[in-house]
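Visitor: Next comes the structure file input.txt, holding compact mmCIF, C-alpha atoms and all ligand atoms.
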```
# COMPACT_ATOMS: atom_id res chain seq x y z
CA MET A 1 -215.23 -135.95 -40.62
CA THR A 2 -212.61 -136.72 -38.05
CA ASP A 3 -213.02 -139.32 -35.31
CA TYR A 4 -213.71 -136.57 -32.83
CA GLU A 5 -216.42 -134.89 -34.89
CA ARG A 6 -218.05 -138.24 -35.61
CA THR A 7 -218.05 -139.47 -32.02
CA GLU A 8 -219.21 -136.20 -30.52
CA LEU A 9 -222.02 -135.66 -33.02
CA VAL A 10 -223.32 -139.21 -32.59
CA ASN A 11 -223.19 -138.82 -28.81
CA ALA A 12 -225.07 -135.53 -29.04
CA PHE A 13 -227.81 -137.07 -31.20
CA TYR A 14 -228.28 -139.83 -28.63
CA ALA A 15 -228.20 -137.29 -25.81
CA LEU A 16 -231.08 -135.38 -27.39
CA ARG A 17 -233.23 -138.47 -26.92
CA ASP A 18 -231.93 -139.73 -23.57
CA GLY A 19 -235.02 -138.68 -21.65
CA THR A 20 -233.33 -135.90 -19.71
CA ARG A 21 -234.81 -133.20 -21.96
CA PRO A 22 -237.70 -132.71 -24.40
CA ASP A 23 -237.12 -134.84 -27.51
CA LEU A 24 -236.20 -132.53 -30.40
CA PHE A 25 -236.10 -135.34 -32.95
CA VAL A 26 -239.71 -136.26 -32.20
CA ASP A 27 -240.85 -132.65 -32.09
CA LEU A 28 -239.21 -131.71 -35.39
CA ALA A 29 -240.56 -134.86 -37.04
CA ASP A 30 -244.09 -134.31 -35.75
CA PHE A 31 -244.12 -130.68 -36.81
CA HIS A 32 -242.70 -131.52 -40.22
CA SER A 33 -245.40 -134.17 -40.60
CA ASP A 34 -248.29 -132.02 -39.31
CA PHE A 35 -247.59 -129.27 -41.84
CA PHE A 36 -246.10 -131.38 -44.59
CA ASN A 37 -248.30 -130.48 -47.56
CA PHE A 38 -251.94 -129.41 -47.82
CA ASP A 39 -254.12 -129.34 -50.89
CA ASN A 40 -254.54 -125.64 -51.54
CA THR A 41 -257.47 -126.18 -53.86
CA ILE A 42 -259.41 -127.00 -50.67
CA ASP A 43 -258.09 -124.16 -48.50
CA PRO A 44 -255.81 -121.67 -50.28
CA THR A 45 -254.83 -119.91 -47.04
CA ARG A 46 -253.54 -122.96 -45.20
CA LEU A 47 -249.75 -122.83 -44.90
CA ASP A 48 -247.48 -125.80 -45.31
CA LEU A 49 -243.81 -126.63 -45.90
CA HIS A 50 -243.53 -128.52 -49.16
CA PHE A 51 -244.41 -128.55 -52.84
CA ASN A 52 -245.87 -125.08 -53.01
CA LEU A 53 -247.19 -123.78 -56.28
CA PRO A 54 -246.61 -120.28 -57.67
CA ASP A 55 -249.99 -119.00 -56.44
CA GLU A 56 -249.49 -120.14 -52.84
CA PRO A 57 -248.44 -117.45 -50.37
CA GLU A 58 -245.68 -119.60 -48.87
CA ARG A 59 -244.27 -120.36 -52.30
CA GLU A 60 -240.87 -122.03 -52.02
CA ILE A 61 -240.69 -121.74 -48.26
CA PHE A 62 -239.12 -125.21 -48.51
CA LEU A 63 -235.52 -123.95 -48.63
CA ALA A 64 -235.78 -121.31 -45.92
CA TRP A 65 -237.82 -123.47 -43.58
CA HIS A 66 -235.41 -126.39 -43.74
CA ARG A 67 -232.45 -124.02 -43.30
CA ARG A 68 -233.99 -122.77 -40.07
CA GLN A 69 -234.78 -126.33 -39.04
CA MET A 70 -231.13 -127.34 -39.60
CA PHE A 71 -230.12 -124.38 -37.47
CA GLU A 72 -232.46 -125.43 -34.67
CA MET A 73 -230.91 -128.91 -34.65
CA GLU A 74 -227.38 -127.54 -34.87
CA GLN A 75 -227.99 -125.23 -31.94
CA ALA A 76 -229.32 -128.18 -29.97
CA VAL A 77 -226.21 -130.30 -30.56
CA GLN A 78 -223.95 -127.31 -29.93
CA ASN A 79 -225.65 -126.80 -26.58
CA ILE A 80 -224.29 -130.25 -25.76
CA ASN A 81 -220.86 -129.62 -27.29
CA PRO A 82 -220.10 -126.25 -28.93
CA ARG A 83 -217.29 -127.83 -30.94
CA ILE A 84 -219.57 -129.84 -33.22
CA SER A 85 -221.50 -128.94 -36.36
CA LEU A 86 -223.92 -130.72 -38.63
CA ALA A 87 -222.20 -132.32 -41.59
CA PHE A 88 -223.62 -132.55 -45.08
CA TRP A 89 -224.03 -135.71 -47.13
CA ASN A 90 -223.23 -134.97 -50.76
CA SER A 91 -225.44 -137.72 -52.15
CA SER A 92 -224.32 -136.92 -55.70
CA ASN A 93 -220.91 -138.46 -55.04
CA ASP A 94 -221.26 -140.56 -51.86
CA GLN A 95 -223.60 -143.28 -53.05
CA SER A 96 -222.41 -146.57 -51.61
CA THR A 97 -224.48 -148.55 -49.12
CA THR A 98 -221.15 -149.31 -47.43
CA SER A 99 -220.06 -145.65 -47.27
CA PRO A 100 -218.53 -144.64 -43.88
CA LEU A 101 -221.73 -142.65 -43.43
CA TRP A 102 -223.53 -145.87 -42.61
CA ASP A 103 -220.84 -147.33 -40.34
CA GLN A 104 -221.90 -148.26 -36.83
CA ASN A 105 -219.73 -145.45 -35.46
CA LEU A 106 -221.52 -142.81 -37.53
CA LEU A 107 -225.19 -143.07 -38.54
CA GLY A 108 -225.46 -146.86 -38.81
CA SER A 109 -226.33 -147.60 -35.20
CA PHE A 110 -229.45 -145.43 -35.24
CA ASN A 111 -231.16 -147.79 -37.65
CA ALA A 112 -231.63 -150.51 -35.06
CA ASN A 113 -231.62 -148.33 -31.96
CA TRP A 114 -234.34 -146.02 -33.22
CA SER A 115 -236.24 -148.60 -35.31
CA LEU A 116 -235.80 -146.67 -38.54
CA ASN A 117 -236.13 -149.67 -40.91
CA ARG A 118 -233.85 -148.19 -43.53
CA ASN A 119 -233.57 -149.99 -46.85
CA LEU A 120 -230.43 -148.44 -48.35
CA GLY A 121 -230.47 -148.24 -52.12
CA GLY A 122 -233.84 -149.92 -52.25
CA ASP A 123 -235.81 -147.24 -54.01
CA GLY A 124 -233.31 -144.82 -55.59
CA PRO A 125 -231.98 -143.04 -57.46
CA LEU A 126 -229.58 -140.61 -55.85
CA PRO A 127 -228.70 -137.50 -57.88
CA THR A 128 -225.87 -137.33 -60.38
CA PRO A 129 -223.24 -134.58 -60.10
CA LEU A 130 -224.66 -133.21 -63.37
CA GLU A 131 -228.10 -132.83 -61.80
CA VAL A 132 -226.53 -130.68 -59.08
CA THR A 133 -224.55 -128.60 -61.58
CA ASN A 134 -227.62 -128.10 -63.76
CA LEU A 135 -229.40 -126.48 -60.83
CA TYR A 136 -226.63 -123.86 -60.62
CA GLY A 137 -227.44 -122.91 -64.21
CA MET A 138 -231.01 -121.91 -63.39
CA ALA A 139 -231.35 -118.17 -62.94
CA ASP A 140 -234.92 -118.01 -61.62
CA PHE A 141 -235.24 -118.68 -57.89
CA PHE A 142 -238.65 -120.30 -58.09
CA GLU A 143 -237.59 -122.56 -60.93
CA PHE A 144 -234.40 -123.52 -59.06
CA SER A 145 -236.14 -124.22 -55.77
CA ASN A 146 -238.99 -126.14 -57.35
CA GLU A 147 -236.65 -128.26 -59.44
CA LEU A 148 -234.37 -128.92 -56.47
CA GLU A 149 -237.22 -130.00 -54.21
CA ARG A 150 -239.02 -132.31 -56.59
CA ARG A 151 -236.11 -134.10 -58.22
CA PRO A 152 -233.29 -136.37 -57.03
CA VAL A 153 -231.05 -133.69 -55.48
CA HIS A 154 -233.61 -133.45 -52.67
CA ARG A 155 -235.94 -136.36 -53.31
CA GLY A 156 -233.18 -138.92 -54.01
CA ALA A 157 -231.78 -139.33 -50.50
CA HIS A 158 -235.29 -139.65 -49.06
CA VAL A 159 -236.37 -142.54 -51.27
CA TRP A 160 -232.92 -144.16 -51.52
CA THR A 161 -232.52 -144.38 -47.72
CA GLY A 162 -235.96 -145.82 -47.12
CA GLY A 163 -237.59 -146.40 -43.72
CA ALA A 164 -238.64 -143.09 -42.15
CA MET A 165 -236.90 -141.00 -44.81
CA PRO A 166 -239.51 -141.21 -47.61
CA THR A 167 -242.27 -140.30 -45.09
CA PRO A 168 -243.34 -136.97 -43.54
CA LEU A 169 -241.69 -138.21 -40.32
CA SER A 170 -238.26 -138.20 -42.04
CA PRO A 171 -236.69 -135.86 -39.39
CA ARG A 172 -236.71 -138.87 -37.05
CA ASP A 173 -233.70 -140.26 -38.96
CA PRO A 174 -230.42 -138.41 -38.23
CA ILE A 175 -229.46 -138.77 -41.90
CA PHE A 176 -232.24 -136.24 -42.58
CA TYR A 177 -230.02 -133.52 -41.08
CA PHE A 178 -227.00 -134.55 -43.16
CA HIS A 179 -229.21 -134.61 -46.24
CA HIS A 180 -230.93 -131.31 -45.66
CA SER A 181 -227.61 -129.66 -44.82
CA PHE A 182 -226.55 -130.77 -48.32
CA VAL A 183 -229.73 -129.31 -49.83
CA ASP A 184 -228.96 -126.14 -47.91
CA TRP A 185 -225.37 -126.11 -49.18
CA VAL A 186 -226.68 -126.38 -52.76
CA TRP A 187 -228.92 -123.35 -52.09
CA TYR A 188 -225.97 -121.49 -50.55
CA ASN A 189 -223.88 -122.22 -53.66
CA TRP A 190 -226.70 -121.15 -55.98
CA GLU A 191 -227.18 -117.91 -54.07
CA GLU A 192 -223.46 -117.12 -54.35
CA ILE A 193 -223.80 -117.28 -58.12
CA HIS A 194 -227.21 -115.71 -58.70
CA GLN A 195 -227.99 -113.58 -55.61
CA ASN A 196 -231.59 -113.83 -56.54
CA SER A 197 -233.44 -115.63 -53.71
CA SER A 198 -236.59 -114.02 -52.32
CA PHE A 199 -239.72 -115.07 -50.46
CA GLN A 200 -243.23 -113.68 -50.49
CA THR A 201 -244.03 -114.39 -46.84
CA THR A 202 -242.40 -112.60 -43.91
CA SER A 203 -242.70 -115.36 -41.32
CA MET A 204 -242.60 -119.13 -41.22
CA LEU A 205 -244.56 -121.90 -39.56
CA ARG A 206 -242.94 -122.89 -36.24
CA TYR A 207 -240.72 -119.80 -36.52
CA ASP A 208 -243.63 -117.35 -36.29
CA GLY A 209 -243.08 -116.17 -32.72
CA THR A 210 -245.81 -118.37 -31.23
CA TYR A 211 -244.33 -121.85 -31.09
CA SER A 212 -242.69 -123.15 -27.93
CA PHE A 213 -240.34 -126.04 -27.49
CA GLY A 214 -238.56 -127.02 -24.29
CA GLY A 215 -240.05 -124.07 -22.43
CA GLN A 216 -238.73 -121.53 -24.94
CA THR A 217 -240.69 -119.58 -27.50
CA LEU A 218 -238.95 -119.83 -30.85
CA PRO A 219 -238.33 -116.47 -32.53
CA LEU A 220 -240.23 -115.11 -35.49
CA VAL A 221 -238.07 -115.58 -38.58
CA ASN A 222 -238.57 -113.72 -41.83
CA PRO A 223 -237.32 -116.12 -44.52
CA ASN A 224 -235.88 -113.15 -46.41
CA ASP A 225 -233.59 -112.50 -43.43
CA ILE A 226 -231.86 -115.89 -43.67
CA ILE A 227 -231.03 -115.93 -47.39
CA ASP A 228 -227.43 -115.36 -46.30
CA THR A 229 -226.34 -118.16 -43.96
CA ARG A 230 -224.17 -115.61 -42.15
CA SER A 231 -227.29 -114.13 -40.59
CA LEU A 232 -227.35 -117.34 -38.53
CA GLY A 233 -223.59 -117.29 -37.96
CA VAL A 234 -223.27 -120.31 -40.24
CA PHE A 235 -220.43 -120.90 -42.69
CA TYR A 236 -219.85 -123.93 -44.85
CA GLY A 237 -216.44 -125.60 -44.90
CA SER A 238 -215.45 -127.94 -47.71
CA ASN A 239 -212.21 -129.22 -49.20
CA GLN A 240 -210.75 -128.88 -45.70
CA LEU A 241 -211.12 -125.13 -45.81
CA ALA A 242 -213.62 -122.85 -44.06
CA GLU A 243 -213.54 -119.29 -45.33
CA LEU A 244 -215.03 -116.82 -42.89
CA ASN A 245 -215.59 -113.38 -44.33
CA ASN A 246 -218.01 -110.45 -44.47
CA TYR A 247 -219.32 -111.19 -41.02
CA ILE A 248 -219.88 -109.12 -37.91
CA VAL A 249 -219.90 -110.99 -34.62
CA SER A 250 -223.08 -110.03 -32.78
CA ASN A 251 -223.59 -112.78 -30.18
CA THR A 252 -227.23 -112.93 -31.31
CA TYR A 253 -227.53 -116.67 -30.71
CA ARG A 254 -224.78 -117.34 -28.18
CA ASN A 255 -222.81 -115.40 -25.62
CA GLU A 256 -219.65 -116.58 -27.29
CA GLU A 257 -219.62 -117.37 -31.00
CA ILE A 258 -217.45 -120.39 -31.62
CA PHE A 259 -216.15 -121.23 -35.07
CA TYR A 260 -214.73 -124.70 -34.75
CA TYR A 261 -213.45 -126.64 -37.73
CA GLN A 262 -210.91 -129.43 -37.61
CA TYR A 263 -209.24 -128.36 -40.85
CA VAL A 264 -208.13 -124.89 -41.94
CA ILE A 265 -210.06 -121.83 -40.83
CA GLU A 266 -209.36 -118.67 -42.76
CA ALA A 267 -210.87 -115.39 -41.58
CA GLY A 268 -210.45 -112.14 -43.43
CA SER A 269 -212.27 -109.65 -45.66
CA ASN A 270 -214.42 -107.83 -43.17
CA PHE A 271 -214.71 -110.45 -40.51
CA LEU A 272 -215.23 -108.04 -37.63
CA VAL A 273 -215.25 -108.70 -33.90
CA PRO A 274 -216.70 -105.48 -32.44
CA SER A 275 -216.07 -104.15 -28.98
CA GLY A 276 -218.05 -106.00 -26.34
CA THR A 277 -218.48 -109.21 -28.33
CA ASN A 278 -217.00 -112.66 -27.70
CA CYS A 279 -215.64 -114.85 -30.43
CA ARG A 280 -213.48 -117.96 -30.60
CA MET A 281 -211.90 -119.69 -33.57
CA GLU A 282 -210.51 -123.13 -33.03
CA SER A 283 -209.00 -125.80 -35.22
CA VAL A 284 -206.69 -128.73 -34.73
CA ASN A 285 -204.85 -127.64 -37.88
CA GLU A 286 -204.55 -123.98 -38.54
CA VAL A 287 -206.35 -120.71 -38.08
CA ARG A 288 -205.29 -118.01 -40.51
CA LEU A 289 -206.17 -114.40 -39.93
CA LEU A 290 -205.99 -112.57 -43.23
CA PRO A 291 -205.97 -108.89 -44.13
CA GLY A 292 -209.44 -107.50 -43.51
CA PHE A 293 -209.90 -109.39 -40.26
CA GLU A 294 -210.30 -107.08 -37.33
CA ALA A 295 -210.95 -107.60 -33.64
CA SER A 296 -211.63 -104.25 -32.00
CA ALA A 297 -210.36 -103.03 -28.67
CA GLY A 298 -212.76 -104.20 -25.99
CA SER A 299 -213.66 -107.37 -27.83
CA ASN A 300 -212.80 -110.81 -26.55
CA PHE A 301 -211.30 -112.77 -29.41
CA VAL A 302 -209.38 -116.02 -29.09
CA ALA A 303 -207.89 -118.10 -31.86
CA THR A 304 -206.50 -121.42 -30.69
CA ILE A 305 -205.35 -124.82 -31.78
CA ASP A 306 -207.37 -127.61 -30.19
CA GLN A 307 -204.49 -129.84 -29.11
CA VAL A 308 -206.71 -132.25 -27.21
CA ASN A 309 -209.27 -133.34 -29.76
CA SER A 310 -207.09 -133.70 -32.80
CA GLY A 311 -207.92 -137.29 -33.72
CA LEU A 312 -206.28 -136.70 -37.05
CA THR A 313 -204.33 -139.40 -38.78
CA GLY A 314 -202.12 -138.83 -41.75
CA LYS A 315 -203.18 -135.25 -42.25
CA SER A 316 -201.13 -132.11 -42.06
CA ARG A 317 -201.15 -130.48 -38.71
CA THR A 318 -199.17 -127.31 -38.38
CA GLY A 319 -200.57 -126.45 -34.97
CA GLU A 320 -200.26 -122.83 -35.76
CA VAL A 321 -202.38 -119.75 -35.53
CA ALA A 322 -200.92 -117.49 -38.13
CA ARG A 323 -201.27 -113.90 -39.03
CA LEU A 324 -200.18 -113.78 -42.58
CA LYS A 325 -199.46 -110.11 -42.84
CA LYS A 326 -198.84 -107.24 -40.49
CA PRO A 327 -200.09 -104.98 -39.15
CA TYR A 328 -203.43 -105.83 -37.64
CA ASP A 329 -205.73 -103.78 -35.53
CA TYR A 330 -205.36 -105.48 -32.23
CA ASP A 331 -205.66 -103.96 -28.88
CA ALA A 332 -205.39 -104.49 -25.19
CA ASN A 333 -208.21 -106.87 -24.40
CA ILE A 334 -207.46 -109.37 -27.11
CA ASN A 335 -206.31 -112.61 -25.55
CA THR A 336 -202.90 -113.83 -26.43
CA PRO A 337 -202.86 -117.35 -27.88
CA ILE A 338 -202.37 -115.82 -31.31
CA VAL A 339 -198.91 -116.61 -32.64
CA TRP A 340 -197.40 -114.03 -34.90
CA GLU A 341 -195.64 -115.33 -37.92
CA GLU A 342 -191.89 -115.28 -37.64
CA ASP A 343 -190.37 -112.19 -39.18
CA ASN A 344 -188.22 -114.16 -41.56
CA LYS A 345 -191.35 -115.59 -43.11
CA ASP A 346 -192.11 -112.13 -44.44
CA ASP A 347 -189.59 -112.93 -47.16
CA SER A 348 -191.88 -115.51 -48.68
CA PRO A 349 -193.96 -114.32 -51.62
CA VAL A 350 -197.37 -112.86 -50.97
CA ILE A 351 -200.40 -113.08 -53.23
CA ILE A 352 -201.57 -109.63 -54.23
CA GLN A 353 -204.67 -110.64 -56.10
CA ALA A 354 -206.38 -113.56 -57.82
CA TYR A 355 -209.04 -112.69 -60.38
CA PRO A 356 -211.60 -112.82 -61.81
CA ASN A 357 -213.93 -114.67 -59.50
CA PRO A 358 -216.31 -115.91 -60.84
CA PHE A 359 -214.23 -116.90 -63.87
CA THR A 360 -215.03 -118.24 -67.29
CA GLU A 361 -211.81 -119.28 -69.02
CA LYS A 362 -208.76 -118.09 -67.12
CA ILE A 363 -207.59 -117.01 -63.70
CA THR A 364 -204.71 -114.60 -63.12
CA ILE A 365 -202.77 -114.50 -59.88
CA ASN A 366 -200.36 -111.66 -59.08
CA LEU A 367 -197.56 -112.11 -56.56
CA ASN A 368 -195.44 -109.42 -54.96
CA LYS A 369 -192.20 -110.89 -56.31
CA ASN A 370 -190.84 -113.46 -58.72
CA THR A 371 -191.10 -116.97 -57.36
CA ASN A 372 -191.22 -120.67 -58.18
CA CYS A 373 -194.53 -122.21 -57.30
CA SER A 374 -197.14 -124.71 -58.36
CA VAL A 375 -200.86 -124.26 -58.77
CA GLU A 376 -203.40 -126.96 -58.04
CA VAL A 377 -207.07 -126.86 -59.00
CA TYR A 378 -209.52 -129.13 -57.20
CA ASN A 379 -213.15 -129.79 -58.08
CA MET A 380 -215.89 -129.72 -55.47
CA MET A 381 -215.39 -133.38 -54.71
CA GLY A 382 -211.82 -132.64 -53.69
CA MET A 383 -210.26 -134.27 -56.75
CA LEU A 384 -207.12 -132.70 -58.19
CA ILE A 385 -208.00 -131.82 -61.77
CA ARG A 386 -205.13 -129.54 -62.80
CA GLN A 387 -201.58 -128.99 -61.66
CA GLU A 388 -199.06 -126.63 -63.20
CA THR A 389 -195.69 -125.32 -62.10
CA PHE A 390 -194.39 -121.81 -62.67
CA HIS A 391 -190.80 -120.60 -62.55
CA ASN A 392 -189.39 -117.25 -61.57
CA THR A 393 -192.51 -115.24 -62.24
CA ASP A 394 -194.77 -112.83 -60.40
CA THR A 395 -197.74 -113.45 -62.69
CA ILE A 396 -199.49 -116.81 -62.86
CA ILE A 397 -202.07 -117.36 -65.53
CA ILE A 398 -204.10 -120.56 -65.50
CA ASN A 399 -205.51 -120.91 -69.00
CA LYS A 400 -208.03 -123.02 -70.85
CA LEU A 401 -210.50 -123.41 -68.02
CA TYR A 402 -213.54 -123.01 -70.27
CA GLY A 403 -213.91 -126.80 -70.54
CA LEU A 404 -214.74 -127.10 -66.84
CA SER A 405 -218.38 -127.48 -65.92
CA ALA A 406 -220.03 -124.65 -64.01
CA GLY A 407 -219.67 -124.82 -60.25
CA PHE A 408 -217.14 -124.52 -57.50
CA TYR A 409 -213.41 -125.19 -57.50
CA VAL A 410 -210.58 -124.65 -55.08
CA ILE A 411 -207.28 -123.17 -56.23
CA LYS A 412 -204.14 -123.73 -54.19
CA VAL A 413 -200.84 -121.98 -54.81
CA VAL A 414 -197.93 -123.74 -53.13
CA ASP A 415 -194.43 -122.24 -52.99
CA ALA A 416 -191.11 -124.05 -53.40
CA ASN A 417 -191.01 -124.80 -49.64
CA GLY A 418 -194.41 -126.48 -49.76
CA ASP A 419 -196.11 -123.60 -47.95
CA ILE A 420 -199.59 -122.79 -49.14
CA LEU A 421 -199.67 -119.18 -50.36
CA LEU A 422 -203.30 -119.26 -51.34
CA ALA A 423 -206.23 -121.62 -50.91
CA LYS A 424 -209.28 -120.05 -52.39
CA ARG A 425 -212.67 -121.18 -53.54
CA VAL A 426 -213.63 -119.90 -56.98
CA VAL A 427 -216.76 -120.14 -59.10
CA LYS A 428 -216.82 -121.20 -62.74
CA LEU A 429 -219.75 -119.69 -64.60
CU CU B 501 -239.10 -131.49 -45.42
```
Take the structure I supplied and represent it as structure tokens, if you would.

Guide:
Amino acid sequence: MTDYERTELVNAFYALRDGTRPDLFVDLADFHSDFFNFDNTIDPTRLDLHFNLPDEPEREIFLAWHRRQMFEMEQAVQNINPRISLAFWNSSNDQSTTSPLWDQNLLGSFNANWSLNRNLGGDGPLPTPLEVTNLYGMADFFEFSNELERRPVHRGAHVWTGGAMPTPLSPRDPIFYFHHSFVDWVWYNWEEIHQNSSFQTTSMLRYDGTYSFGGQTLPLVNPNDIIDTRSLGVFYGSNQLAELNNYIVSNTYRNEEIFYYQYVIEAGSNFLVPSGTNCRMESVNEVRLLPGFEASAGSNFVATIDQVNSGLTGKSRTGEVARLKKPYDYDANINTPIVWEEDNKDDSPVIIQAYPNPFTEKITINLNKNTNCSVEVYNMMGMLIRQETFHNTDTIIINKLYGLSAGFYVIKVVDANGDILLAKRVVKL
């Protein structure tokens, strides 16, 4: 996170409890506690949120319910500042009690101020990266969800953090939202591989159309309708890249949909802004509009560089909104802060395709002309694990990838000028 994201999110958390509005932290914690887990041998019809068995009607509601809960919290902080998002804590690789996560300027100060009585590291363990990867290998949704919930990928951060976290009132601790965003990210990754999630119930506790908070009745949510995070307008960014695709702006949850990410935003492949809708993309680095992106006539679309809230140190900052390829379907009502790429840049090589994705042992990348370039492969922790250079070729083949463990990787293709031709997330099966 950047300084800006950190400061603004912390301020928003405190603002939610400053007494000027109903306390969402307390309400979410109380609800979570009231419906935590009931013994279904006593009453088989009584719904709850956790540890459901195969014969319970709300079987594995755990993932969908917490996704919707994360969304409720994220909407609340975005009502305070639309440029912030919840962050996720990858507890499989960020395991130090002195991690920046716990600094006073991030989540550290809440411990004393909200009497959380954390005991970091006291009753571990946190998950290993292998435990996360193993989950991606499970093909059955119930098996995956059950295993995730009961073992360290979910359970670890609760017991390791201590204080409120190992209790049903865990949503009182802001780390709960970083942790459950991570759990949600793991589900998102699993779904991208298996596309196999499904729920037996068609509504959820709290999100059943009868519950009110802050004078508003919360909508009825069918868990099957939020299997794709895009239905909530939510995208995950990692490795400093947020890929926005296959999405239709609808303004369902806000009058203007704002996609704000301090690193690179890339929108393409059927990201559509229909007539009559309002959408904004904003970064302090770069917004790239790729082929397949379309803002229709009569829509209000703005892509901008946030010059004010940069807060970046030592990171690249091109300050550019780029359209990588012409032509695009733009029309009269589109606002103008979009900067077209200079014509002379059209001489630089263009990626035609990169395939297959998912891959098993090799990836082939086709360019439109012979070029010198280098390819970098990063793992999901952002570590560079492979780098190769290619000379005067229009076909790049990255071989011998079968040794990599299953999961997500990012491939970058950089040309001789240092320009990134491709930054793409790929899945190893
Ligand atoms: Cu929970």

Visitor: Give me, as JSON, numbers by chain, the set of residues whose atoms come within 9 Å of any atom of ligand CU 501 (chain B), counting only C-alpha atoms and all ligand atoms.

Guide: {"A": [32, 33, 36, 49, 50, 62, 63, 65, 66, 168, 169, 170, 171, 176, 180]}

Visitor: Each residue of segment 132-249 of chain A lying at most 10 Å from segment 54-58 of chain A should get a row with its shortest atom-to-atom pair and the distance in Å to one decimal, counting all atoms listed in the file; could you produce that, ordered by chain and increasing number, as JSON lines?

Guide:
```
{"residue": "A:Phe142", "atom": "CA", "partner": "A:Pro54", "partner_atom": "CA", "distance": 8.0}
{"residue": "A:Glu143", "atom": "CA", "partner": "A:Pro54", "partner_atom": "CA", "distance": 9.9}
{"residue": "A:Asn146", "atom": "CA", "partner": "A:Pro54", "partner_atom": "CA", "distance": 9.6}
{"residue": "A:Phe199", "atom": "CA", "partner": "A:Glu58", "partner_atom": "CA", "distance": 7.7}
{"residue": "A:Gln200", "atom": "CA", "partner": "A:Pro57", "partner_atom": "CA", "distance": 6.4}
{"residue": "A:Thr201", "atom": "CA", "partner": "A:Glu58", "partner_atom": "CA", "distance": 5.8}
{"residue": "A:Thr202", "atom": "CA", "partner": "A:Glu58", "partner_atom": "CA", "distance": 9.2}
{"residue": "A:Ser203", "atom": "CA", "partner": "A:Glu58", "partner_atom": "CA", "distance": 9.2}
{"residue": "A:Met204", "atom": "CA", "partner": "A:Glu58", "partner_atom": "CA", "distance": 8.3}
{"residue": "A:Leu205", "atom": "CA", "partner": "A:Glu58", "partner_atom": "CA", "distance": 9.7}
```

Visitor: Which residues of segment 158-223 of chain A sit at most 12 Å from segment 14-30 of chain A, using all atoms listed in the file? Give each one's shortest atom pair and distance in Å (one decimal place), in chain and ascending residue order, as a tab-separated table.

Guide:
```
residue	atom	partner	partner_atom	distance
A:Ala164	CA	A:Ala29	CA	9.9
A:Met165	CA	A:Ala29	CA	10.6
A:Thr167	CA	A:Ala29	CA	9.9
A:Pro168	CA	A:Ala29	CA	7.4
A:Leu169	CA	A:Ala29	CA	4.8
A:Ser170	CA	A:Ala29	CA	6.4
A:Pro171	CA	A:Ala29	CA	4.6
A:Arg172	CA	A:Phe25	CA	5.4
A:Asp173	CA	A:Phe25	CA	8.1
A:Pro174	CA	A:Phe25	CA	8.3
A:Ile175	CA	A:Phe25	CA	11.7
A:Phe176	CA	A:Ala29	CA	10.1
A:Tyr177	CA	A:Phe25	CA	10.3
A:Leu205	CA	A:Leu28	CA	11.9
A:Arg206	CA	A:Leu28	CA	9.6
A:Tyr211	CA	A:Asp27	CA	11.4
A:Ser212	CA	A:Asp27	CA	10.5
A:Phe213	CA	A:Pro22	CA	7.8
A:Gly214	CA	A:Pro22	CA	5.8
A:Gly215	CA	A:Pro22	CA	9.2
A:Gln216	CA	A:Pro22	CA	11.2
```

Visitor: For atom CA of Pro223 of chain A and atom CA of Ile61 of chain A, determine how far apart the two atoms are, in Å to one decimal place.

Guide: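 The value is 7.5 Å.
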
Visitor: At most 6 Å is the cut-off: for each residue in segment 106-207 of chain A with any atom that close to an atom of segment 70-88 of chain A, write down the nearest atom pair and the distance in Å rounded to one decimal, counting all atoms listed in the file, chain first then increasing number, as a Markdown table.

Guide:
```
| residue | atom | partner | partner_atom | distance |
| --- | --- | --- | --- | --- |
| A:Phe178 | CA | A:Phe88 | CA | 4.4 |
| A:Ser181 | CA | A:Phe88 | CA | 4.9 |
| A:Phe182 | CA | A:Phe88 | CA | 4.7 |
```

Visitor: Enter the distance from atom CA of Gly121 of chain A to atom CA of Thr161 of chain A, in Å, rounded to one decimal.

Guide: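 Taking atom CA of Gly121 of chain A as the start and atom CA of Thr161 of chain A as the end point, the length is 6.2 Å.
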
Visitor: Find the residues around Arg151 of chain A up to 10 Å (only C-alpha atoms counted), leave out those fewer than 2 positions away in its own chain, and share them as JSON, numbers by chain.

Guide: {"A": [125, 126, 127, 131, 146, 147, 148, 149, 153, 154, 155, 156]}

Visitor: In Å to one decimal, how far is atom CA of Tyr4 of chain A from atom CA of Tyr247 of chain A?

Guide: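 Result for atom CA of Tyr247 of chain A versus atom CA of Tyr4 of chain A: 27.3 Å, one decimal.
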
Visitor: Just checking: using only C-alpha atoms, which residue out of A:Trp187, A:Ile363, A:Gly137, A:Ile420 ends up closest to Glu286 of chain A?

Guide: A:Ile420

Visitor: For a cut-off of 8 Å around (-207.0, -124.5, -40.2), file coordinates, pick out all residues using all atoms listed in the file and list them as a PyMOL selection string.

Guide: chain A and resi 240-242+261-266+283-288

Visitor: Using only C-alpha atoms, which residues sit within 6 Å of segment 269-278 of chain A once same-chain residues fewer than 3 positions away are excluded, as a PyMOL selection string?

Guide: chain A and resi 245-249+256+292-301

Visitor: Taking 2 positions as the minimum chain separation for residues in the same chain, which residues sit within 10 Å of Asn417 of chain A when counting all atoms listed in the file? Answer as a PyMOL selection string.

Guide: chain A and resi 348+372-373+414-415+419-420

Visitor: Identify, on the basis of all atoms listed in the file, every residue whose closest approach to Gly403 of chain A does not exceed 12 Å; exclude the query and any residue fewer than 4 positions from it along the same chain; express the result as a compact mmCIF listing (two decimals) with C-alpha atoms, in the frame of the given file.

Guide:
```txt
# COMPACT_ATOMS: atom_id res chain seq x y z
CA PHE A 359 -214.23 -116.90 -63.87
CA THR A 360 -215.03 -118.24 -67.29
CA GLU A 361 -211.81 -119.28 -69.02
CA LYS A 362 -208.76 -118.09 -67.12
CA ILE A 385 -208.00 -131.82 -61.77
CA ASN A 399 -205.51 -120.91 -69.00
CA GLY A 407 -219.67 -124.82 -60.25
CA LYS A 428 -216.82 -121.20 -62.74
CA LEU A 429 -219.75 -119.69 -64.60
```
